[in-house]
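To be precise, the following lines are work_10.cif, and they hold mmCIF, C-alpha atoms; chains and numbers go by the auth columns.
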```cif
data_run
#
loop_
_atom_site.group_PDB
_atom_site.id
_atom_site.type_symbol
_atom_site.label_atom_id
_atom_site.label_comp_id
_atom_site.label_asym_id
_atom_site.label_seq_id
_atom_site.Cartn_x
_atom_site.Cartn_y
_atom_site.Cartn_z
_atom_site.B_iso_or_equiv
_atom_site.auth_seq_id
_atom_site.auth_asym_id
ATOM 1 C CA MET A 1 -36.079 -61.772 75.973 0.00 32 W
ATOM 2 C CA LYS A 2 -39.575 -62.688 75.110 0.00 33 W
ATOM 3 C CA ALA A 3 -41.374 -61.215 72.010 0.00 34 W
ATOM 4 C CA ARG A 4 -44.300 -59.111 72.950 0.00 35 W
ATOM 5 C CA GLY A 5 -47.260 -57.981 70.740 0.00 36 W
ATOM 6 C CA PHE A 6 -49.346 -54.832 70.791 0.00 37 W
ATOM 7 C CA THR A 7 -52.055 -54.216 73.309 0.00 38 W
ATOM 8 C CA LEU A 8 -55.599 -53.579 72.203 0.00 39 W
ATOM 9 C CA VAL A 9 -55.341 -49.907 73.230 0.00 40 W
ATOM 10 C CA GLU A 10 -52.203 -49.431 71.104 0.00 41 W
ATOM 11 C CA LEU A 11 -53.923 -51.007 68.085 0.00 42 W
ATOM 12 C CA LEU A 12 -56.999 -48.788 68.501 0.00 43 W
ATOM 13 C CA VAL A 13 -54.904 -45.604 68.821 0.00 44 W
ATOM 14 C CA GLY A 14 -52.809 -46.589 65.765 0.00 45 W
ATOM 15 C CA GLY A 15 -55.957 -47.307 63.749 0.00 46 W
ATOM 16 C CA ALA A 16 -57.515 -43.965 64.737 0.00 47 W
ATOM 17 C CA VAL A 17 -54.372 -42.034 63.733 0.00 48 W
ATOM 18 C CA ALA A 18 -54.202 -43.900 60.411 0.00 49 W
ATOM 19 C CA SER A 19 -57.895 -43.141 59.777 0.00 50 W
ATOM 20 C CA ILE A 20 -57.407 -39.409 60.436 0.00 51 W
ATOM 21 C CA VAL A 21 -54.373 -39.265 58.128 0.00 52 W
ATOM 22 C CA GLY A 22 -56.311 -41.179 55.437 0.00 53 W
ATOM 23 C CA ALA A 23 -59.338 -38.856 55.733 0.00 54 W
ATOM 24 C CA ILE A 24 -57.120 -35.759 55.375 0.00 55 W
ATOM 25 C CA ALA A 25 -55.374 -37.254 52.328 0.00 56 W
ATOM 26 C CA LEU A 26 -58.732 -38.149 50.759 0.00 57 W
ATOM 27 C CA ALA A 27 -60.096 -34.630 51.332 0.00 58 W
ATOM 28 C CA VAL A 28 -56.994 -33.060 49.752 0.00 59 W
ATOM 29 C CA LEU A 29 -57.170 -35.384 46.741 0.00 60 W
ATOM 30 C CA CYS A 30 -60.914 -34.735 46.269 0.00 61 W
ATOM 31 C CA ARG A 31 -60.345 -30.973 46.387 0.00 62 W
ATOM 32 C CA ALA A 32 -57.510 -31.259 43.857 0.00 63 W
ATOM 33 C CA GLY A 33 -59.787 -33.301 41.599 0.00 64 W
ATOM 34 C CA LEU A 34 -62.528 -30.652 41.805 0.00 65 W
ATOM 35 C CA VAL A 35 -60.061 -27.876 40.988 0.00 66 W
ATOM 36 C CA ALA A 36 -58.765 -29.835 37.990 0.00 67 W
ATOM 37 C CA ALA A 37 -62.305 -30.524 36.759 0.00 68 W
ATOM 38 C CA ARG A 38 -63.251 -26.829 37.036 0.00 69 W
ATOM 39 C CA TRP A 39 -60.094 -25.878 35.164 0.00 70 W
ATOM 40 C CA ARG A 40 -60.929 -28.340 32.361 0.00 71 W
ATOM 41 C CA ILE A 41 -64.457 -26.904 32.109 0.00 72 W
ATOM 42 C CA GLU A 42 -63.056 -23.366 31.911 0.00 73 W
ATOM 43 C CA VAL A 43 -60.578 -24.366 29.197 0.00 74 W
ATOM 44 C CA ARG A 44 -63.336 -26.077 27.196 0.00 75 W
ATOM 45 C CA ARG A 45 -65.554 -22.992 27.506 0.00 76 W
ATOM 46 C CA ASP A 46 -62.713 -20.751 26.363 0.00 77 W
ATOM 47 C CA ASP A 47 -61.971 -23.037 23.426 0.00 78 W
ATOM 48 C CA ALA A 48 -65.637 -23.129 22.428 0.00 79 W
ATOM 49 C CA ALA A 49 -65.878 -19.307 22.526 0.00 80 W
ATOM 50 C CA TRP A 50 -62.748 -18.902 20.385 0.00 81 W
ATOM 51 C CA LEU A 51 -64.064 -21.468 17.896 0.00 82 W
ATOM 52 C CA ALA A 52 -67.381 -19.597 17.733 0.00 83 W
ATOM 53 C CA LEU A 53 -65.523 -16.353 17.012 0.00 84 W
ATOM 54 C CA ALA A 54 -63.562 -18.129 14.276 0.00 85 W
ATOM 55 C CA ALA A 55 -66.820 -19.370 12.719 0.00 86 W
ATOM 56 C CA ILE A 56 -68.309 -15.869 12.795 0.00 87 W
ATOM 57 C CA ALA A 57 -65.122 -14.429 11.240 0.00 88 W
ATOM 58 C CA ARG A 58 -65.248 -17.077 8.505 0.00 89 W
ATOM 59 C CA ASP A 59 -68.862 -16.228 7.707 0.00 90 W
ATOM 60 C CA LEU A 60 -68.018 -12.512 7.605 0.00 91 W
ATOM 61 C CA ARG A 61 -65.017 -13.040 5.314 0.00 92 W
ATOM 62 C CA VAL A 62 -66.859 -15.176 2.749 0.00 93 W
ATOM 63 C CA ALA A 63 -70.104 -13.198 2.734 0.00 94 W
ATOM 64 C CA PRO A 64 -70.633 -10.989 -0.301 0.00 95 W
ATOM 65 C CA GLU A 65 -72.365 -8.456 1.939 0.00 96 W
ATOM 66 C CA TRP A 66 -73.295 -7.830 5.561 0.00 97 W
ATOM 67 C CA ARG A 67 -75.966 -5.759 7.222 0.00 98 W
ATOM 68 C CA ASP A 68 -77.416 -4.804 10.553 0.00 99 W
ATOM 69 C CA CYS A 69 -80.430 -6.810 11.600 0.00 100 W
ATOM 70 C CA ARG A 70 -82.324 -4.507 13.956 0.00 101 W
ATOM 71 C CA ASP A 71 -85.986 -4.014 13.097 0.00 102 W
ATOM 72 C CA SER A 72 -85.557 -5.613 9.708 0.00 103 W
ATOM 73 C CA TRP A 73 -88.196 -7.909 8.283 0.00 104 W
ATOM 74 C CA THR A 74 -85.519 -9.613 6.194 0.00 105 W
ATOM 75 C CA CYS A 75 -83.891 -11.026 9.332 0.00 106 W
ATOM 76 C CA PRO A 76 -84.795 -14.162 11.253 0.00 107 W
ATOM 77 C CA ARG A 77 -87.762 -13.555 13.545 0.00 108 W
ATOM 78 C CA ALA A 78 -85.764 -14.572 16.640 0.00 109 W
ATOM 79 C CA ALA A 79 -82.948 -12.138 15.754 0.00 110 W
ATOM 80 C CA ARG A 80 -85.324 -9.168 15.791 0.00 111 W
ATOM 81 C CA ARG A 81 -85.654 -9.542 19.571 0.00 112 W
ATOM 82 C CA ALA A 82 -81.866 -9.576 20.077 0.00 113 W
ATOM 83 C CA SER A 83 -80.182 -6.323 21.006 0.00 114 W
ATOM 84 C CA ASN A 84 -77.481 -6.813 18.392 0.00 115 W
ATOM 85 C CA ALA A 85 -77.532 -9.092 15.372 0.00 116 W
ATOM 86 C CA LEU A 86 -75.650 -9.198 12.102 0.00 117 W
ATOM 87 C CA VAL A 87 -76.456 -10.851 8.781 0.00 118 W
ATOM 88 C CA ALA A 88 -73.504 -11.934 6.658 0.00 119 W
ATOM 89 C CA GLY A 89 -74.799 -13.104 3.298 0.00 120 W
ATOM 90 C CA ASP A 90 -77.214 -15.947 4.041 0.00 121 W
ATOM 91 C CA VAL A 91 -76.108 -16.362 7.682 0.00 122 W
ATOM 92 C CA ALA A 92 -77.287 -14.419 10.745 0.00 123 W
ATOM 93 C CA TRP A 93 -75.558 -14.330 14.140 0.00 124 W
ATOM 94 C CA PHE A 94 -77.064 -13.121 17.437 0.00 125 W
ATOM 95 C CA ALA A 95 -77.278 -13.999 21.121 0.00 126 W
ATOM 96 C CA ASP A 96 -80.395 -14.476 23.225 0.00 127 W
ATOM 97 C CA GLY A 97 -79.237 -16.653 26.090 0.00 128 W
ATOM 98 C CA ALA A 98 -77.093 -18.653 23.681 0.00 129 W
ATOM 99 C CA LEU A 99 -75.138 -17.748 20.585 0.00 130 W
ATOM 100 C CA ARG A 100 -77.317 -18.600 17.610 0.00 131 W
ATOM 101 C CA ARG A 101 -76.494 -19.067 13.948 0.00 132 W
ATOM 102 C CA CYS A 102 -79.290 -18.899 11.397 0.00 133 W
ATOM 103 C CA GLN A 103 -78.899 -20.148 7.842 0.00 134 W
ATOM 104 C CA ARG A 104 -81.253 -18.907 5.130 0.00 135 W
ATOM 105 C CA ARG A 105 -83.032 -21.623 3.188 0.00 136 W
ATOM 106 C CA GLU A 106 -84.579 -21.286 -0.229 0.00 137 W
ATOM 107 C CA PRO A 107 -86.927 -19.697 -1.149 0.00 138 W
ATOM 108 C CA LYS A 108 -85.909 -16.397 0.420 0.00 139 W
ATOM 109 C CA SER A 109 -88.864 -15.414 2.549 0.00 140 W
ATOM 110 C CA GLU A 110 -89.421 -14.327 6.145 0.00 141 W
ATOM 111 C CA ASN A 111 -89.794 -17.918 7.351 0.00 142 W
ATOM 112 C CA ALA A 112 -86.864 -19.196 5.307 0.00 143 W
ATOM 113 C CA TRP A 113 -84.399 -19.138 8.222 0.00 144 W
ATOM 114 C CA ASN A 114 -83.184 -22.238 10.031 0.00 145 W
ATOM 115 C CA CYS A 115 -81.814 -21.134 13.427 0.00 146 W
ATOM 116 C CA ALA A 116 -79.810 -23.342 15.774 0.00 147 W
ATOM 117 C CA ARG A 117 -77.922 -22.926 19.040 0.00 148 W
ATOM 118 C CA PHE A 118 -74.235 -22.593 18.307 0.00 149 W
ATOM 119 C CA LEU A 119 -72.872 -22.020 21.831 0.00 150 W
ATOM 120 C CA ASP A 120 -74.636 -22.043 25.197 0.00 151 W
ATOM 121 C CA GLY A 121 -73.794 -19.616 27.989 0.00 152 W
ATOM 122 C CA ILE A 122 -73.442 -16.502 25.829 0.00 153 W
ATOM 123 C CA SER A 123 -75.493 -13.620 27.211 0.00 154 W
ATOM 124 C CA THR A 124 -74.641 -10.948 24.631 0.00 155 W
ATOM 125 C CA ALA A 125 -73.031 -10.635 21.223 0.00 156 W
ATOM 126 C CA ALA A 126 -71.890 -7.197 20.062 0.00 157 W
ATOM 127 C CA PHE A 127 -70.834 -6.205 16.571 0.00 158 W
ATOM 128 C CA THR A 128 -68.828 -3.031 15.971 0.00 159 W
ATOM 129 C CA VAL A 129 -67.638 -1.695 12.625 0.00 160 W
ATOM 130 C CA ASP A 130 -64.697 0.524 11.726 0.00 161 W
ATOM 131 C CA LEU A 131 -65.395 2.841 8.810 0.00 162 W
ATOM 132 C CA ARG A 132 -62.866 4.988 7.012 0.00 163 W
ATOM 133 C CA GLN A 133 -63.975 8.591 6.789 0.00 164 W
ATOM 134 C CA GLY A 134 -62.624 11.451 4.723 0.00 165 W
ATOM 135 C CA GLY A 135 -59.178 12.718 5.672 0.00 166 W
ATOM 136 C CA GLY A 136 -57.955 9.294 6.796 0.00 167 W
ATOM 137 C CA ARG A 137 -60.096 9.255 9.951 0.00 168 W
ATOM 138 C CA GLU A 138 -61.859 6.150 11.143 0.00 169 W
ATOM 139 C CA THR A 139 -65.039 5.919 13.157 0.00 170 W
ATOM 140 C CA ARG A 140 -66.170 2.993 15.267 0.00 171 W
ATOM 141 C CA HIS A 141 -69.826 2.272 16.009 0.00 172 W
ATOM 142 C CA GLU A 142 -72.524 -0.374 15.911 0.00 173 W
ATOM 143 C CA PRO A 143 -73.530 -1.358 12.388 0.00 174 W
ATOM 144 C CA ALA A 144 -76.281 0.707 10.783 0.00 175 W
ATOM 145 C CA LYS A 145 -78.139 0.535 7.498 0.00 176 W
ATOM 146 C CA ARG A 146 -76.323 3.643 6.260 0.00 177 W
ATOM 147 C CA ASP A 147 -72.990 1.790 6.453 0.00 178 W
ATOM 148 C CA GLY A 148 -73.949 -0.532 3.649 0.00 179 W
ATOM 149 C CA ASN A 149 -71.066 -2.834 2.912 0.00 180 W
ATOM 150 C CA THR A 150 -68.240 -0.391 3.616 0.00 181 W
ATOM 151 C CA ALA A 151 -66.658 -1.607 6.864 0.00 182 W
ATOM 152 C CA ASP A 152 -62.878 -1.900 6.964 0.00 183 W
ATOM 153 C CA THR A 153 -63.070 -4.218 9.970 0.00 184 W
ATOM 154 C CA ILE A 154 -65.823 -5.797 12.026 0.00 185 W
ATOM 155 C CA ASP A 155 -65.202 -6.466 15.709 0.00 186 W
ATOM 156 C CA VAL A 156 -67.221 -9.260 17.337 0.00 187 W
ATOM 157 C CA THR A 157 -67.395 -9.509 21.131 0.00 188 W
ATOM 158 C CA LEU A 158 -69.132 -12.302 23.032 0.00 189 W
ATOM 159 C CA TRP A 159 -69.987 -12.031 26.738 0.00 190 W
ATOM 160 C CA THR A 160 -70.764 -14.961 28.993 0.00 191 W
ATOM 161 C CA TYR A 161 -73.144 -14.806 31.944 0.00 192 W
ATOM 162 C CA ASP A 162 -70.212 -14.432 34.335 0.00 193 W
ATOM 163 C CA SER A 163 -69.110 -11.280 32.420 0.00 194 W
ATOM 164 C CA LYS A 164 -66.129 -12.846 30.703 0.00 195 W
ATOM 165 C CA SER A 165 -65.633 -11.429 27.220 0.00 196 W
ATOM 166 C CA TYR A 166 -64.083 -12.818 24.063 0.00 197 W
ATOM 167 C CA SER A 167 -63.332 -10.569 21.113 0.00 198 W
ATOM 168 C CA ARG A 168 -62.065 -10.941 17.559 0.00 199 W
ATOM 169 C CA THR A 169 -61.651 -8.466 14.733 0.00 200 W
ATOM 170 C CA THR A 170 -61.890 -9.478 11.101 0.00 201 W
ATOM 171 C CA GLU A 171 -61.847 -7.670 7.814 0.00 202 W
ATOM 172 C CA GLY A 172 -65.163 -6.616 6.384 0.00 203 W
ATOM 173 C CA PRO A 173 -66.649 -8.219 3.293 0.00 204 W
ATOM 174 C CA PRO A 174 -64.921 -7.616 -0.011 0.00 205 W
ATOM 175 C CA SER A 175 -65.777 -4.273 -1.549 0.00 206 W
ATOM 176 C CA ALA A 176 -68.059 -4.133 -4.551 0.00 207 W
ATOM 177 C CA ASP A 177 -65.454 -2.191 -6.599 0.00 208 W
#
```

Translate this structure into structure tokens?
Amino acid sequence: MKARGFTLVELLVGGAVASIVGAIALAVLCRAGLVAARWRIEVRRDDAAWLALAAIARDLRVAPEWRDCRDSWTCPRAARRASNALVAGDVAWFADGALRRCQRREPKSENAWNCARFLDGISTAAFTVDLRQGGGRETRHEPAKRDGNTADTIDVTLWTYDSKSYSRTTEGPPSAD
């Protein structure tokens, strides 16, 4: 028996089949890579939001006082435009397209705030306080000047542009008793 090779037609058909299988495998691997990359981005965004909430909670815990920042001339100029902002001691937090943290510089004047982007992608920041009322009742509402420094807890919620929310509750500042 004589050894016989492949014909040109057989080689071309085999090459075409191998190319189709290779293209399908490449498409599947590329799609898997894109899914993994999107997942990593989502995890990083989640981690960044939780770290931002931890930073806000830290500032609230160590601040000797906190106050609402709406229509107040003692707040950073940029925070006055935000729908919800909170000042904790010498630090202000608000969102206007990004989560911003402002640190008060000396001397304490209207222009004594140094504001920086803390986290991009945050559309809204909301601050809610729980106040103990007479008879053991608690009320929950946005901070107001009348609340002073009496919050039992302060709830901070951050919303991203795709409507995902992150929330953390921390104790209010120490009482002045």

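Nearest to W:Ser194 of all the residues W:Leu43, W:Leu150, W:Leu162, W:Ala156 is W:Ala156, based on only C-alpha atoms.
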
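We find atom CA of W:Phe149 and atom CA of W:Ala83 to be spaced 7.5 Å apart.
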
Could you pull the residues within 10 Å of W:Ala116, counting all atoms listed in the file, minus those fewer than 4 positions along the same chain, as a PDB file with C-alpha atoms, keeping the file's coordinate frame?
```pdb
ATOM      1  CA  ARG W  98     -75.966  -5.759   7.222  1.00  0.00           C
ATOM      2  CA  ASP W  99     -77.416  -4.804  10.553  1.00  0.00           C
ATOM      3  CA  CYS W 100     -80.430  -6.810  11.600  1.00  0.00           C
ATOM      4  CA  ARG W 101     -82.324  -4.507  13.956  1.00  0.00           C
ATOM      5  CA  CYS W 106     -83.891 -11.026   9.332  1.00  0.00           C
ATOM      6  CA  PRO W 107     -84.795 -14.162  11.253  1.00  0.00           C
ATOM      7  CA  ALA W 109     -85.764 -14.572  16.640  1.00  0.00           C
ATOM      8  CA  ALA W 110     -82.948 -12.138  15.754  1.00  0.00           C
ATOM      9  CA  ARG W 111     -85.324  -9.168  15.791  1.00  0.00           C
ATOM     10  CA  ARG W 112     -85.654  -9.542  19.571  1.00  0.00           C
ATOM     11  CA  ALA W 123     -77.287 -14.419  10.745  1.00  0.00           C
ATOM     12  CA  TRP W 124     -75.558 -14.330  14.140  1.00  0.00           C
ATOM     13  CA  PHE W 125     -77.064 -13.121  17.437  1.00  0.00           C
ATOM     14  CA  ALA W 126     -77.278 -13.999  21.121  1.00  0.00           C
ATOM     15  CA  ASP W 127     -80.395 -14.476  23.225  1.00  0.00           C
ATOM     16  CA  ARG W 131     -77.317 -18.600  17.610  1.00  0.00           C
ATOM     17  CA  THR W 155     -74.641 -10.948  24.631  1.00  0.00           C
ATOM     18  CA  ALA W 156     -73.031 -10.635  21.223  1.00  0.00           C
ATOM     19  CA  ALA W 157     -71.890  -7.197  20.062  1.00  0.00           C
ATOM     20  CA  PHE W 158     -70.834  -6.205  16.571  1.00  0.00           C
ATOM     21  CA  PRO W 174     -73.530  -1.358  12.388  1.00  0.00           C
TER      22      PRO W 174
END
```

Near W:Glu173, counting only C-alpha atoms, which residues have an atom at most 10 Å away, once you skip same-chain residues fewer than 5 positions from it, shown as a VMD selection string? chain W and resid 99 115 157 to 161 178 185 to 186

Do you know which residues are at most 8 Å from W:Ala94 counting only C-alpha atoms, after dropping those on the same chain fewer than 4 positions away, and could you put them as number ranges by chain? W: 90, 119-121, 204

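With atom CA of W:Ala88 on one side and atom CA of W:Thr200 on the other, the separation reads 7.7 Å.
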
Give me the residues near W:Cys146 as a ChimeraX atom specification, where near means some atom within 7 Å (using all atoms listed in the file) and where sequence neighbours in that chain fewer than 6 positions away do not count. /W:131-134

Find the residue from W:Thr184, W:Ser154, W:Thr170, W:Thr38 that sits nearest to W:Tyr197; use all atoms listed in the file when measuring. W:Ser154

Please, what distance in Å, to one decimal, runs between atom CA of W:Val122 and atom CA of W:Glu202?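 Computing it gives 16.7 Å between the two atoms.
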
Build an axis-aligned box that encloses every atom of stretch 119-135 of chain W listed in the file, pad it by 5 Å on each side, and report its centre and edge lengths in Å to one decimal, as AutoDock Vina command-line options.
```
--center_x -77.4 --center_y -16.0 --center_z 14.7 --size_x 17.7 --size_y 18.2 --size_z 32.8
```

Counting only C-alpha atoms, which of W:Arg163, W:Arg75, W:Arg136, W:Arg199 gets nearest to W:Asp183?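 Answer, going by the shortest atom-to-atom distance: W:Arg163.
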
From the options W:Arg76, W:Glu41, W:Trp144, W:Ile87, which residue's atoms come nearest to W:Leu117, counting only C-alpha atoms? W:Ile87
